[in-house]
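Q: My structure is in entry_6.pdb, and what it holds is PDB, C-alpha atoms:
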```pdb
ATOM      1  CA  MET N   1      16.102 -13.405  -1.685
ATOM      2  CA  SER N   2      16.832 -12.108  -5.216
ATOM      3  CA  ALA N   3      18.156  -8.625  -6.006
ATOM      4  CA  GLN N   4      14.686  -7.792  -7.296
ATOM      5  CA  GLY N   5      13.099  -8.867  -4.021
ATOM      6  CA  GLU N   6      10.457 -11.436  -3.252
ATOM      7  CA  VAL N   7       7.095 -11.637  -1.527
ATOM      8  CA  HIS N   8       6.985 -14.746   0.643
ATOM      9  CA  LEU N   9       3.929 -16.620   1.856
ATOM     10  CA  SER N  10       3.947 -18.957   4.843
ATOM     11  CA  ILE N  11       1.042 -20.556   6.693
ATOM     12  CA  GLU N  12       1.126 -21.715  10.292
ATOM     13  CA  GLY N  13      -2.145 -23.062  11.578
ATOM     14  CA  ALA N  14      -4.932 -20.581  10.895
ATOM     15  CA  VAL N  15      -2.588 -17.631  10.289
ATOM     16  CA  ALA N  16      -0.923 -16.844   6.965
ATOM     17  CA  SER N  17       2.038 -14.467   6.794
ATOM     18  CA  VAL N  18       2.980 -12.454   3.704
ATOM     19  CA  THR N  19       6.432 -10.854   3.884
ATOM     20  CA  PHE N  20       7.822  -8.172   1.556
ATOM     21  CA  ASP N  21      11.490  -9.111   1.346
ATOM     22  CA  ARG N  22      13.746  -6.498  -0.219
ATOM     23  CA  PRO N  23      15.257  -4.788   2.828
ATOM     24  CA  GLU N  24      18.195  -3.216   0.972
ATOM     25  CA  ALA N  25      15.615  -1.084  -0.891
ATOM     26  CA  ARG N  26      13.257  -0.670   2.096
ATOM     27  CA  ASN N  27      11.067  -3.326   0.471
ATOM     28  CA  ALA N  28      10.200  -1.085  -2.493
ATOM     29  CA  MET N  29       7.968  -3.101  -4.804
ATOM     30  CA  THR N  30       9.101  -4.298  -8.212
ATOM     31  CA  TRP N  31       6.642  -5.429 -10.882
ATOM     32  CA  ALA N  32       7.592  -9.034 -10.031
ATOM     33  CA  MET N  33       6.833  -8.464  -6.347
ATOM     34  CA  TYR N  34       3.384  -7.068  -7.190
ATOM     35  CA  GLN N  35       2.750 -10.167  -9.303
ATOM     36  CA  GLN N  36       3.802 -12.412  -6.414
ATOM     37  CA  LEU N  37       1.485 -10.504  -4.067
ATOM     38  CA  ARG N  38      -1.410 -11.012  -6.488
ATOM     39  CA  ALA N  39      -0.650 -14.732  -6.766
ATOM     40  CA  HIS N  40      -0.568 -15.122  -2.976
ATOM     41  CA  CYS N  41      -3.907 -13.302  -2.616
ATOM     42  CA  GLU N  42      -5.487 -15.547  -5.256
ATOM     43  CA  LYS N  43      -4.224 -18.622  -3.401
ATOM     44  CA  LEU N  44      -5.341 -17.378   0.006
ATOM     45  CA  ARG N  45      -8.789 -16.473  -1.281
ATOM     46  CA  GLU N  46      -9.460 -20.191  -1.840
ATOM     47  CA  ASP N  47      -7.807 -21.524   1.331
ATOM     48  CA  LYS N  48     -10.584 -22.143   3.850
ATOM     49  CA  SER N  49      -8.096 -23.171   6.546
ATOM     50  CA  VAL N  50      -6.651 -19.644   6.805
ATOM     51  CA  ARG N  51      -8.559 -17.405   9.221
ATOM     52  CA  VAL N  52      -6.232 -14.378   9.296
ATOM     53  CA  VAL N  53      -3.545 -12.968   6.970
ATOM     54  CA  ARG N  54      -0.794 -10.716   8.278
ATOM     55  CA  PHE N  55       1.492  -8.599   6.088
ATOM     56  CA  GLN N  56       4.923  -7.310   7.110
ATOM     57  CA  GLY N  57       8.187  -6.031   5.672
ATOM     58  CA  ALA N  58      11.583  -7.670   6.145
ATOM     59  CA  GLY N  59      14.490  -5.951   7.856
ATOM     60  CA  GLY N  60      12.708  -3.858  10.481
ATOM     61  CA  GLU N  61      13.229  -0.486   8.700
ATOM     62  CA  ALA N  62      10.179  -0.424   6.446
ATOM     63  CA  PHE N  63       6.865  -2.064   5.714
ATOM     64  CA  VAL N  64       7.012  -1.095   2.027
ATOM     65  CA  ALA N  65       8.610   2.148   0.837
ATOM     66  CA  GLY N  66       6.479   2.435  -2.291
ATOM     67  CA  THR N  67       7.014   1.189  -5.829
ATOM     68  CA  ASP N  68      10.576   0.980  -7.172
ATOM     69  CA  ILE N  69      10.779   4.329  -8.961
ATOM     70  CA  ALA N  70      13.484   3.246 -11.407
ATOM     71  CA  GLN N  71      10.827   1.185 -13.184
ATOM     72  CA  PHE N  72       8.994   4.364 -14.190
ATOM     73  CA  GLN N  73      11.850   5.279 -16.546
ATOM     74  CA  ASP N  74      10.178   3.039 -19.122
ATOM     75  CA  PHE N  75       6.967   5.122 -19.090
ATOM     76  CA  THR N  76       6.518   7.226 -22.232
ATOM     77  CA  SER N  77       2.910   8.436 -22.095
ATOM     78  CA  GLY N  78      -0.094   9.072 -19.898
ATOM     79  CA  LYS N  79      -1.485   5.682 -20.959
ATOM     80  CA  ASP N  80       1.422   3.975 -19.186
ATOM     81  CA  GLY N  81       0.287   5.689 -16.000
ATOM     82  CA  VAL N  82      -3.339   4.676 -16.510
ATOM     83  CA  ASP N  83      -2.279   1.050 -17.072
ATOM     84  CA  TYR N  84      -0.074   1.152 -13.973
ATOM     85  CA  GLU N  85      -2.808   2.567 -11.732
ATOM     86  CA  HIS N  86      -5.246  -0.048 -13.079
ATOM     87  CA  ARG N  87      -2.748  -2.783 -12.143
ATOM     88  CA  ILE N  88      -2.330  -1.335  -8.658
ATOM     89  CA  ASP N  89      -6.109  -1.064  -8.252
ATOM     90  CA  GLY N  90      -6.464  -4.680  -9.352
ATOM     91  CA  THR N  91      -3.911  -5.793  -6.776
ATOM     92  CA  MET N  92      -5.628  -3.831  -4.013
ATOM     93  CA  GLN N  93      -9.002  -5.309  -5.045
ATOM     94  CA  LEU N  94      -7.558  -8.818  -4.671
ATOM     95  CA  LEU N  95      -6.176  -7.948  -1.251
ATOM     96  CA  ALA N  96      -9.394  -6.256  -0.144
ATOM     97  CA  GLY N  97     -11.387  -9.224  -1.461
ATOM     98  CA  LEU N  98      -9.748 -11.729   0.864
ATOM     99  CA  PRO N  99     -12.642 -13.184   2.892
ATOM    100  CA  MET N 100     -10.663 -13.338   6.126
ATOM    101  CA  PRO N 101      -9.407 -10.391   8.230
ATOM    102  CA  THR N 102      -6.045  -8.914   7.267
ATOM    103  CA  VAL N 103      -3.459  -7.211   9.480
ATOM    104  CA  ALA N 104      -0.570  -4.933   8.443
ATOM    105  CA  VAL N 105       2.358  -5.066  10.878
ATOM    106  CA  VAL N 106       4.328  -1.877  10.237
ATOM    107  CA  GLN N 107       7.874  -1.131  11.333
ATOM    108  CA  GLY N 108       9.413   2.038   9.941
ATOM    109  CA  TRP N 109       8.475   3.525   6.563
ATOM    110  CA  CYS N 110       5.049   2.885   5.048
ATOM    111  CA  ILE N 111       5.060   4.962   1.880
ATOM    112  CA  GLY N 112       3.173   5.233  -1.412
ATOM    113  CA  GLY N 113       2.261   1.756  -2.590
ATOM    114  CA  GLY N 114       3.106   0.491   0.882
ATOM    115  CA  LEU N 115       0.552   2.866   2.362
ATOM    116  CA  ALA N 116      -2.004   1.593  -0.164
ATOM    117  CA  ILE N 117      -1.333  -2.000   0.928
ATOM    118  CA  ALA N 118      -1.519  -1.171   4.639
ATOM    119  CA  THR N 119      -4.680   0.891   4.138
ATOM    120  CA  THR N 120      -6.332  -1.944   2.227
ATOM    121  CA  CYS N 121      -5.744  -4.249   5.196
ATOM    122  CA  ASP N 122      -8.497  -4.380   7.810
ATOM    123  CA  PHE N 123      -6.247  -3.620  10.792
ATOM    124  CA  ARG N 124      -2.852  -2.011  11.314
ATOM    125  CA  ILE N 125      -0.365  -2.002  14.170
ATOM    126  CA  ALA N 126       2.962  -0.159  14.132
ATOM    127  CA  THR N 127       6.053   0.780  16.072
ATOM    128  CA  PRO N 128       6.375   4.316  17.525
ATOM    129  CA  ALA N 129       8.900   5.438  14.887
ATOM    130  CA  SER N 130       6.749   4.367  11.937
ATOM    131  CA  LYS N 131       5.926   6.995   9.315
ATOM    132  CA  PHE N 132       3.027   7.023   6.862
ATOM    133  CA  GLY N 133       2.961   9.116   3.713
ATOM    134  CA  VAL N 134       2.544   9.651  -0.038
ATOM    135  CA  PRO N 135       5.265  12.242  -0.762
ATOM    136  CA  ILE N 136       4.693  12.275  -4.530
ATOM    137  CA  ALA N 137       4.263  16.064  -4.657
ATOM    138  CA  ARG N 138       7.874  16.284  -3.501
ATOM    139  CA  THR N 139       9.476  13.227  -5.106
ATOM    140  CA  LEU N 140       7.872  11.978  -8.299
ATOM    141  CA  GLY N 141       5.098  14.255  -9.518
ATOM    142  CA  ASN N 142       2.616  11.455 -10.206
ATOM    143  CA  CYS N 143      -0.835  10.836  -8.693
ATOM    144  CA  LEU N 144      -3.070   8.184  -7.143
ATOM    145  CA  SER N 145      -6.095   6.439  -8.565
ATOM    146  CA  MET N 146      -9.537   7.513  -7.386
ATOM    147  CA  ALA N 147      -9.914   4.195  -5.540
ATOM    148  CA  ASN N 148      -6.725   4.796  -3.564
ATOM    149  CA  VAL N 149      -7.666   8.400  -2.762
ATOM    150  CA  ALA N 150     -11.075   7.231  -1.542
ATOM    151  CA  ALA N 151      -9.491   4.527   0.617
ATOM    152  CA  LEU N 152      -7.106   7.030   2.202
ATOM    153  CA  VAL N 153      -9.919   9.496   2.918
ATOM    154  CA  ALA N 154     -11.966   6.723   4.528
ATOM    155  CA  ALA N 155      -9.005   5.735   6.692
ATOM    156  CA  PHE N 156      -7.450   9.119   7.589
ATOM    157  CA  GLY N 157     -10.125  11.751   6.863
ATOM    158  CA  ARG N 158     -10.044  14.404   4.130
ATOM    159  CA  SER N 159      -7.908  16.966   6.003
ATOM    160  CA  ARG N 160      -5.086  14.527   6.688
ATOM    161  CA  VAL N 161      -5.167  13.236   3.112
ATOM    162  CA  GLN N 162      -4.819  16.814   1.863
ATOM    163  CA  ARG N 163      -1.678  17.057   3.972
ATOM    164  CA  LEU N 164      -0.414  13.743   2.606
ATOM    165  CA  LEU N 165      -1.042  14.592  -1.050
ATOM    166  CA  LEU N 166      -0.693  18.387  -1.322
ATOM    167  CA  LEU N 167       1.908  19.086   1.375
ATOM    168  CA  ALA N 168       3.762  15.753   1.102
ATOM    169  CA  ASP N 169       3.554  15.522   4.904
ATOM    170  CA  MET N 170       4.336  12.380   6.850
ATOM    171  CA  ILE N 171       2.007  11.190   9.591
ATOM    172  CA  GLY N 172       3.582   9.615  12.650
ATOM    173  CA  ALA N 173       2.375   6.581  14.566
ATOM    174  CA  GLU N 174       0.907   8.615  17.444
ATOM    175  CA  GLU N 175      -1.310  10.676  15.130
ATOM    176  CA  ALA N 176      -2.191   7.602  13.064
ATOM    177  CA  GLN N 177      -3.410   5.856  16.194
ATOM    178  CA  ALA N 178      -5.293   8.914  17.425
ATOM    179  CA  CYS N 179      -7.312   9.129  14.191
ATOM    180  CA  GLY N 180      -8.119   5.415  14.269
ATOM    181  CA  TYR N 181      -5.812   4.326  11.446
ATOM    182  CA  LEU N 182      -3.786   2.139  13.829
ATOM    183  CA  VAL N 183      -5.366  -0.154  16.379
ATOM    184  CA  GLU N 184      -2.154  -0.306  18.405
ATOM    185  CA  VAL N 185       1.339   1.147  18.684
ATOM    186  CA  ALA N 186       3.875  -1.268  20.159
ATOM    187  CA  ALA N 187       7.600  -1.072  20.863
ATOM    188  CA  PRO N 188       9.836  -2.895  18.351
ATOM    189  CA  ASP N 189      10.572  -5.660  20.839
ATOM    190  CA  ALA N 190       6.858  -6.104  21.587
ATOM    191  CA  ILE N 191       5.225  -5.745  18.189
ATOM    192  CA  GLU N 192       5.509  -9.431  17.294
ATOM    193  CA  ALA N 193       3.670 -10.430  20.470
ATOM    194  CA  SER N 194       1.039  -7.766  19.758
ATOM    195  CA  ALA N 195       0.593  -9.029  16.209
ATOM    196  CA  GLN N 196       0.208 -12.614  17.381
ATOM    197  CA  LYS N 197      -2.340 -11.587  20.004
ATOM    198  CA  LEU N 198      -4.422  -9.642  17.467
ATOM    199  CA  CYS N 199      -4.280 -12.459  14.911
ATOM    200  CA  SER N 200      -5.266 -15.040  17.526
ATOM    201  CA  LYS N 201      -8.273 -12.978  18.565
ATOM    202  CA  LEU N 202      -9.388 -12.496  14.952
ATOM    203  CA  ALA N 203      -8.984 -16.219  14.245
ATOM    204  CA  SER N 204     -11.242 -17.097  17.184
ATOM    205  CA  LEU N 205     -14.261 -15.136  15.940
ATOM    206  CA  ALA N 206     -17.104 -16.016  13.555
ATOM    207  CA  PRO N 207     -15.649 -16.200  10.027
ATOM    208  CA  VAL N 208     -18.923 -15.792   8.138
ATOM    209  CA  THR N 209     -19.746 -12.657  10.116
ATOM    210  CA  GLN N 210     -16.267 -11.303   9.410
ATOM    211  CA  GLU N 211     -16.531 -12.069   5.686
ATOM    212  CA  VAL N 212     -19.940 -10.486   5.111
ATOM    213  CA  SER N 213     -19.042  -7.491   7.287
ATOM    214  CA  LYS N 214     -15.910  -6.910   5.200
ATOM    215  CA  GLU N 215     -17.975  -7.060   2.012
ATOM    216  CA  ALA N 216     -20.579  -4.649   3.396
ATOM    217  CA  LEU N 217     -17.876  -2.126   4.259
ATOM    218  CA  ALA N 218     -16.247  -2.602   0.837
ATOM    219  CA  ARG N 219     -19.543  -1.904  -0.925
ATOM    220  CA  LEU N 220     -19.902   1.364   0.968
ATOM    221  CA  LEU N 221     -16.440   2.440  -0.206
ATOM    222  CA  ARG N 222     -17.103   1.432  -3.824
ATOM    223  CA  HIS N 223     -20.498   3.136  -4.042
ATOM    224  CA  SER N 224     -20.578   5.845  -6.728
ATOM    225  CA  LEU N 225     -16.775   6.016  -7.024
ATOM    226  CA  PRO N 226     -16.119   8.605  -9.777
ATOM    227  CA  ASP N 227     -13.799   7.984 -12.697
ATOM    228  CA  ALA N 228     -10.415   9.718 -12.702
ATOM    229  CA  GLU N 229      -8.658   8.292 -15.756
ATOM    230  CA  ASP N 230      -8.320  11.764 -17.287
ATOM    231  CA  LEU N 231      -6.478  13.005 -14.191
ATOM    232  CA  ILE N 232      -4.109  10.025 -14.207
ATOM    233  CA  ARG N 233      -3.427  10.379 -17.941
ATOM    234  CA  ARG N 234      -2.644  14.082 -17.541
ATOM    235  CA  THR N 235      -0.277  13.509 -14.626
ATOM    236  CA  TYR N 236       1.706  10.582 -16.004
ATOM    237  CA  GLY N 237       1.875  12.265 -19.419
ATOM    238  CA  SER N 238       3.343  15.475 -18.001
ATOM    239  CA  GLU N 239       6.882  16.801 -18.305
ATOM    240  CA  ASP N 240       6.914  17.159 -14.522
ATOM    241  CA  PHE N 241       6.420  13.410 -14.048
ATOM    242  CA  ARG N 242       9.333  12.600 -16.369
ATOM    243  CA  GLU N 243      11.418  15.194 -14.514
ATOM    244  CA  GLY N 244      10.456  13.673 -11.159
ATOM    245  CA  VAL N 245      11.541  10.198 -12.223
ATOM    246  CA  GLN N 246      14.870  11.363 -13.663
ATOM    247  CA  ALA N 247      15.568  13.562 -10.642
ATOM    248  CA  PHE N 248      14.849  10.723  -8.218
ATOM    249  CA  VAL N 249      17.026   8.256 -10.108
ATOM    250  CA  GLY N 250      19.744  10.906 -10.432
ATOM    251  CA  LYS N 251      19.498  11.738  -6.710
ATOM    252  CA  ARG N 252      18.902  15.440  -7.289
ATOM    253  CA  PRO N 253      16.000  17.785  -6.475
ATOM    254  CA  PRO N 254      13.346  17.959  -9.211
ATOM    255  CA  VAL N 255      12.678  21.222 -11.027
ATOM    256  CA  TRP N 256       8.922  21.505 -11.470
ATOM    257  CA  LYS N 257       7.616  23.467 -14.485
ATOM    258  CA  GLY N 258       3.896  22.855 -14.175
ATOM    259  CA  ARG N 259       3.542  21.160 -17.543
TER     260      ARG N 259
END
```
Can the structure from this file be put into structure tokens for me?
A:
Amino acid sequence: MSAQGEVHLSIEGAVASVTFDRPEARNAMTWAMYQQLRAHCEKLREDKSVRVVRFQGAGGEAFVAGTDIAQFQDFTSGKDGVDYEHRIDGTMQLLAGLPMPTVAVVQGWCIGGGLAIATTCDFRIATPASKFGVPIARTLGNCLSMANVAALVAAFGRSRVQRLLLLADMIGAEEAQACGYLVEVAAPDAIEASAQKLCSKLASLAPVTQEVSKEALARLLRHSLPDAEDLIRRTYGSEDFREGVQAFVGKRPPVWKGR
């Protein structure tokens, strides 16, 4: 593992495993890690031997704790934010476009970009202590793309997403299971067995049915999705966003000014 982290791909039989490996930073994603994730998705999309793909974080403390915020110090305008959100949307489209079922195996923190990845997967299982959130109203002062907001609303419901985005609340595993976001909550020493059982079941079912059903559901989500580039440009071009980044890197509370 490099200091910048890596995203590993391994294939065993019909099951592929993608691992986010940067545990010292709770698997926060660097630009290089996003590129590796995209490359793995492009490879898996063409591999007819793979029937299921599972995603997990290394270290047991986090799935992915968002994007590495230090990278945002290079942003100078709202256009940088628009370009970034387009890149994230492109990555999520590649992940969502995998023809086989996908499973997120969550232990610990699942935050920001990590929540986007887990939400893009078809199924999610987690440990009881896992936490799900997008605390950007508290930490960074940025925003999500319309595609990511729509995906969260489809997965959690509007009221919970308002709590995630406006209150910077975290949702625990019990609530996430109760609202249907998680298919199972398993103890840390049992989650691997649960993941293997779920992947084995998915791999035993009709792949064409799974593929076309995934595409049908994706088309419903994409239908009439409104544009939000103006909202992204305003947010990433704001003084508050620059303050949020500097405050996070400087390990101090941000001072929001509303401009």
Q: Hey, what's within 8 Å of N:Glu85 if we count all atoms listed in the file and toss same-chain stuff fewer than 3 positions away? As an MDAnalysis selection string, please?
A: chainID N and resid 81:82 88:89 144:145 232
Q: Apply the PyMOL selection byres ((chain N and resi 168) around 10) to the file shown and report the selected residues as a ChimeraX atom specification.
A: /N:133-139,161-167,169-171
Q: Output C-alpha atoms of each residue in that selection to a file, as a tab-separated table (two decimals), keeping the file's coordinate frame.
A:
```tsv
chain	number	residue	atom	x	y	z
N	133	GLY	CA	2.96	9.12	3.71
N	134	VAL	CA	2.54	9.65	-0.04
N	135	PRO	CA	5.26	12.24	-0.76
N	136	ILE	CA	4.69	12.28	-4.53
N	137	ALA	CA	4.26	16.06	-4.66
N	138	ARG	CA	7.87	16.28	-3.50
N	139	THR	CA	9.48	13.23	-5.11
N	161	VAL	CA	-5.17	13.24	3.11
N	162	GLN	CA	-4.82	16.81	1.86
N	163	ARG	CA	-1.68	17.06	3.97
N	164	LEU	CA	-0.41	13.74	2.61
N	165	LEU	CA	-1.04	14.59	-1.05
N	166	LEU	CA	-0.69	18.39	-1.32
N	167	LEU	CA	1.91	19.09	1.38
N	169	ASP	CA	3.55	15.52	4.90
N	170	MET	CA	4.34	12.38	6.85
N	171	ILE	CA	2.01	11.19	9.59
```
Q: Taking the file above as input, evaluate the PyMOL selection byres ((chain N and resi 257) around 9) and report the hits as an mmCIF file with C-alpha atoms, in the frame of the given file.
A:
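Result file is out-v7.cif:
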```
data_model
loop_
_atom_site.group_PDB
_atom_site.id
_atom_site.type_symbol
_atom_site.label_atom_id
_atom_site.label_comp_id
_atom_site.auth_asym_id
_atom_site.auth_seq_id
_atom_site.Cartn_x
_atom_site.Cartn_y
_atom_site.Cartn_z
ATOM 1 C CA GLU N 239 6.882 16.801 -18.305
ATOM 2 C CA ASP N 240 6.914 17.159 -14.522
ATOM 3 C CA VAL N 255 12.678 21.222 -11.027
ATOM 4 C CA TRP N 256 8.922 21.505 -11.470
ATOM 5 C CA GLY N 258 3.896 22.855 -14.175
ATOM 6 C CA ARG N 259 3.542 21.160 -17.543
#
```
Q: Between atom CA of N:Leu140 and atom CA of N:Val245, what distance in Å does the model show, to one decimal?
A: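 So the answer is 5.7 Å.
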Q: So what does the PyMOL selection byres ((chain N and resi 43-51) around 10) actually pick up in this one, as number ranges by chain?
A: N: 9, 11-16, 37-42, 52-53, 94-95, 97-102, 199-200, 202-207, 210
Q: Between atom CA of N:Val105 and atom CA of N:Ser194, what is the distance in Å, rounded to a tenth?
A: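 These two atoms are separated by 9.4 Å.
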Q: Please list as a PyMOL selection string every residue within 9 Å of stretch 17-24 of chain N, counting all atoms listed in the file and excluding residues in the same chain fewer than 4 positions away.
A: chain N and resi 1-12+28-29+33+37+40+52-64
Q: Only C-alpha atoms, please: the residues just picked out, written as a PDB file, keeping the file's coordinate frame.
A:
```
ATOM      1  CA  MET N   1      16.102 -13.405  -1.685  1.00  0.00           C
ATOM      2  CA  SER N   2      16.832 -12.108  -5.216  1.00  0.00           C
ATOM      3  CA  ALA N   3      18.156  -8.625  -6.006  1.00  0.00           C
ATOM      4  CA  GLN N   4      14.686  -7.792  -7.296  1.00  0.00           C
ATOM      5  CA  GLY N   5      13.099  -8.867  -4.021  1.00  0.00           C
ATOM      6  CA  GLU N   6      10.457 -11.436  -3.252  1.00  0.00           C
ATOM      7  CA  VAL N   7       7.095 -11.637  -1.527  1.00  0.00           C
ATOM      8  CA  HIS N   8       6.985 -14.746   0.643  1.00  0.00           C
ATOM      9  CA  LEU N   9       3.929 -16.620   1.856  1.00  0.00           C
ATOM     10  CA  SER N  10       3.947 -18.957   4.843  1.00  0.00           C
ATOM     11  CA  ILE N  11       1.042 -20.556   6.693  1.00  0.00           C
ATOM     12  CA  GLU N  12       1.126 -21.715  10.292  1.00  0.00           C
ATOM     13  CA  ALA N  28      10.200  -1.085  -2.493  1.00  0.00           C
ATOM     14  CA  MET N  29       7.968  -3.101  -4.804  1.00  0.00           C
ATOM     15  CA  MET N  33       6.833  -8.464  -6.347  1.00  0.00           C
ATOM     16  CA  LEU N  37       1.485 -10.504  -4.067  1.00  0.00           C
ATOM     17  CA  HIS N  40      -0.568 -15.122  -2.976  1.00  0.00           C
ATOM     18  CA  VAL N  52      -6.232 -14.378   9.296  1.00  0.00           C
ATOM     19  CA  VAL N  53      -3.545 -12.968   6.970  1.00  0.00           C
ATOM     20  CA  ARG N  54      -0.794 -10.716   8.278  1.00  0.00           C
ATOM     21  CA  PHE N  55       1.492  -8.599   6.088  1.00  0.00           C
ATOM     22  CA  GLN N  56       4.923  -7.310   7.110  1.00  0.00           C
ATOM     23  CA  GLY N  57       8.187  -6.031   5.672  1.00  0.00           C
ATOM     24  CA  ALA N  58      11.583  -7.670   6.145  1.00  0.00           C
ATOM     25  CA  GLY N  59      14.490  -5.951   7.856  1.00  0.00           C
ATOM     26  CA  GLY N  60      12.708  -3.858  10.481  1.00  0.00           C
ATOM     27  CA  GLU N  61      13.229  -0.486   8.700  1.00  0.00           C
ATOM     28  CA  ALA N  62      10.179  -0.424   6.446  1.00  0.00           C
ATOM     29  CA  PHE N  63       6.865  -2.064   5.714  1.00  0.00           C
ATOM     30  CA  VAL N  64       7.012  -1.095   2.027  1.00  0.00           C
TER      31      VAL N  64
END
```
Q: Rounded to one decimal in Å, what is the spacing between atom CA of N:Ala116 and atom CA of N:Gly172?
A: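 Between atom CA of N:Ala116 and atom CA of N:Gly172 the gap is 16.1 Å.
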Q: Put a box with edges along x, y and z around all the listed atoms of stretch 197-208 of chain N, pad it by 5 Å on each side, then give me its centre and sizes in Å, one decimal, as JSON.
A:
```
{"center_x": -10.6, "center_y": -13.4, "center_z": 14.1, "size_x": 26.6, "size_y": 17.5, "size_z": 21.9}
```
Q: Measuring atom to atom with all atoms listed in the file, identify which of N:Thr127, N:Gln246, N:Thr91, N:Thr76 is nearest to N:Gly113.
A: N:Thr91
Q: Rank nothing, just name the residue among N:Ala195, N:Ile111, N:Ala96, N:Val249 nearest to N:Ala218, using all atoms listed in the file.
A: N:Ala96
Q: Which residue out of N:Glu243, N:Glu229, N:Glu175, N:Asp122 has the minimum interatomic distance to N:Glu215 when all atoms listed in the file are used?
A: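 The answer is N:Asp122, which sits nearest to N:Glu215.
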Q: Counting only C-alpha atoms, note down every residue that has an atom within 12 Å of the point (-17.3, 2.3, 3.3) (file coordinates), as a PyMOL selection string.
A: chain N and resi 120+122+147+150-155+213-225
Q: When distances are computed from all atoms listed in the file, which of N:Pro128, N:Ser77, N:Gln36, N:Asn27 shows the smallest separation from N:Ala190?
A: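 The answer is N:Pro128, which sits nearest to N:Ala190.
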Q: Between N:Arg87, N:Lys201, N:Lys251, N:Lys79, single out the one closest to N:Gly237, counting all atoms listed in the file.
A: N:Lys79
Q: With distances taken over all atoms listed in the file, which residue among N:Ala129, N:Ala178, N:Cys143, N:Val149 lies nearest N:Tyr236?
A: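 Nearest candidate to N:Tyr236 out of N:Ala129, N:Ala178, N:Cys143, N:Val149: N:Cys143.
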Q: Any chance you could model all heavy atoms for stretch 196-200 of chain N and send them as a CSV table (one decimal), keeping the file's coordinate frame?
A:
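Output file part-v5.csv follows:
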```
chain,number,residue,atom,x,y,z
N,196,GLN,N,0.7,-11.3,17.1
N,196,GLN,CA,0.2,-12.6,17.4
N,196,GLN,C,-1.1,-12.6,18.2
N,196,GLN,O,-2.0,-13.3,17.9
N,196,GLN,CB,1.3,-13.4,18.1
N,196,GLN,CG,2.5,-13.8,17.2
N,196,GLN,CD,3.5,-14.6,18.0
N,196,GLN,OE1,3.3,-15.1,19.1
N,196,GLN,NE2,4.6,-14.9,17.4
N,197,LYS,N,-1.1,-11.7,19.2
N,197,LYS,CA,-2.3,-11.6,20.0
N,197,LYS,C,-3.5,-11.1,19.2
N,197,LYS,O,-4.6,-11.7,19.3
N,197,LYS,CB,-2.1,-10.6,21.2
N,197,LYS,CG,-3.3,-10.5,22.1
N,197,LYS,CD,-2.9,-9.5,23.2
N,197,LYS,CE,-4.1,-9.3,24.2
N,197,LYS,NZ,-3.8,-8.3,25.3
N,198,LEU,N,-3.3,-10.1,18.3
N,198,LEU,CA,-4.4,-9.6,17.5
N,198,LEU,C,-4.9,-10.7,16.5
N,198,LEU,O,-6.1,-10.9,16.3
N,198,LEU,CB,-4.0,-8.4,16.7
N,198,LEU,CG,-5.0,-7.8,15.7
N,198,LEU,CD1,-6.3,-7.4,16.4
N,198,LEU,CD2,-4.4,-6.6,15.0
N,199,CYS,N,-3.9,-11.4,15.9
N,199,CYS,CA,-4.3,-12.5,14.9
N,199,CYS,C,-5.0,-13.6,15.6
N,199,CYS,O,-6.0,-14.2,15.0
N,199,CYS,CB,-3.0,-13.0,14.2
N,199,CYS,SG,-2.3,-11.8,13.0
N,200,SER,N,-4.6,-14.0,16.8
N,200,SER,CA,-5.3,-15.0,17.5
N,200,SER,C,-6.7,-14.7,17.9
N,200,SER,O,-7.6,-15.5,17.7
N,200,SER,CB,-4.5,-15.4,18.8
N,200,SER,OG,-3.2,-15.9,18.5
```
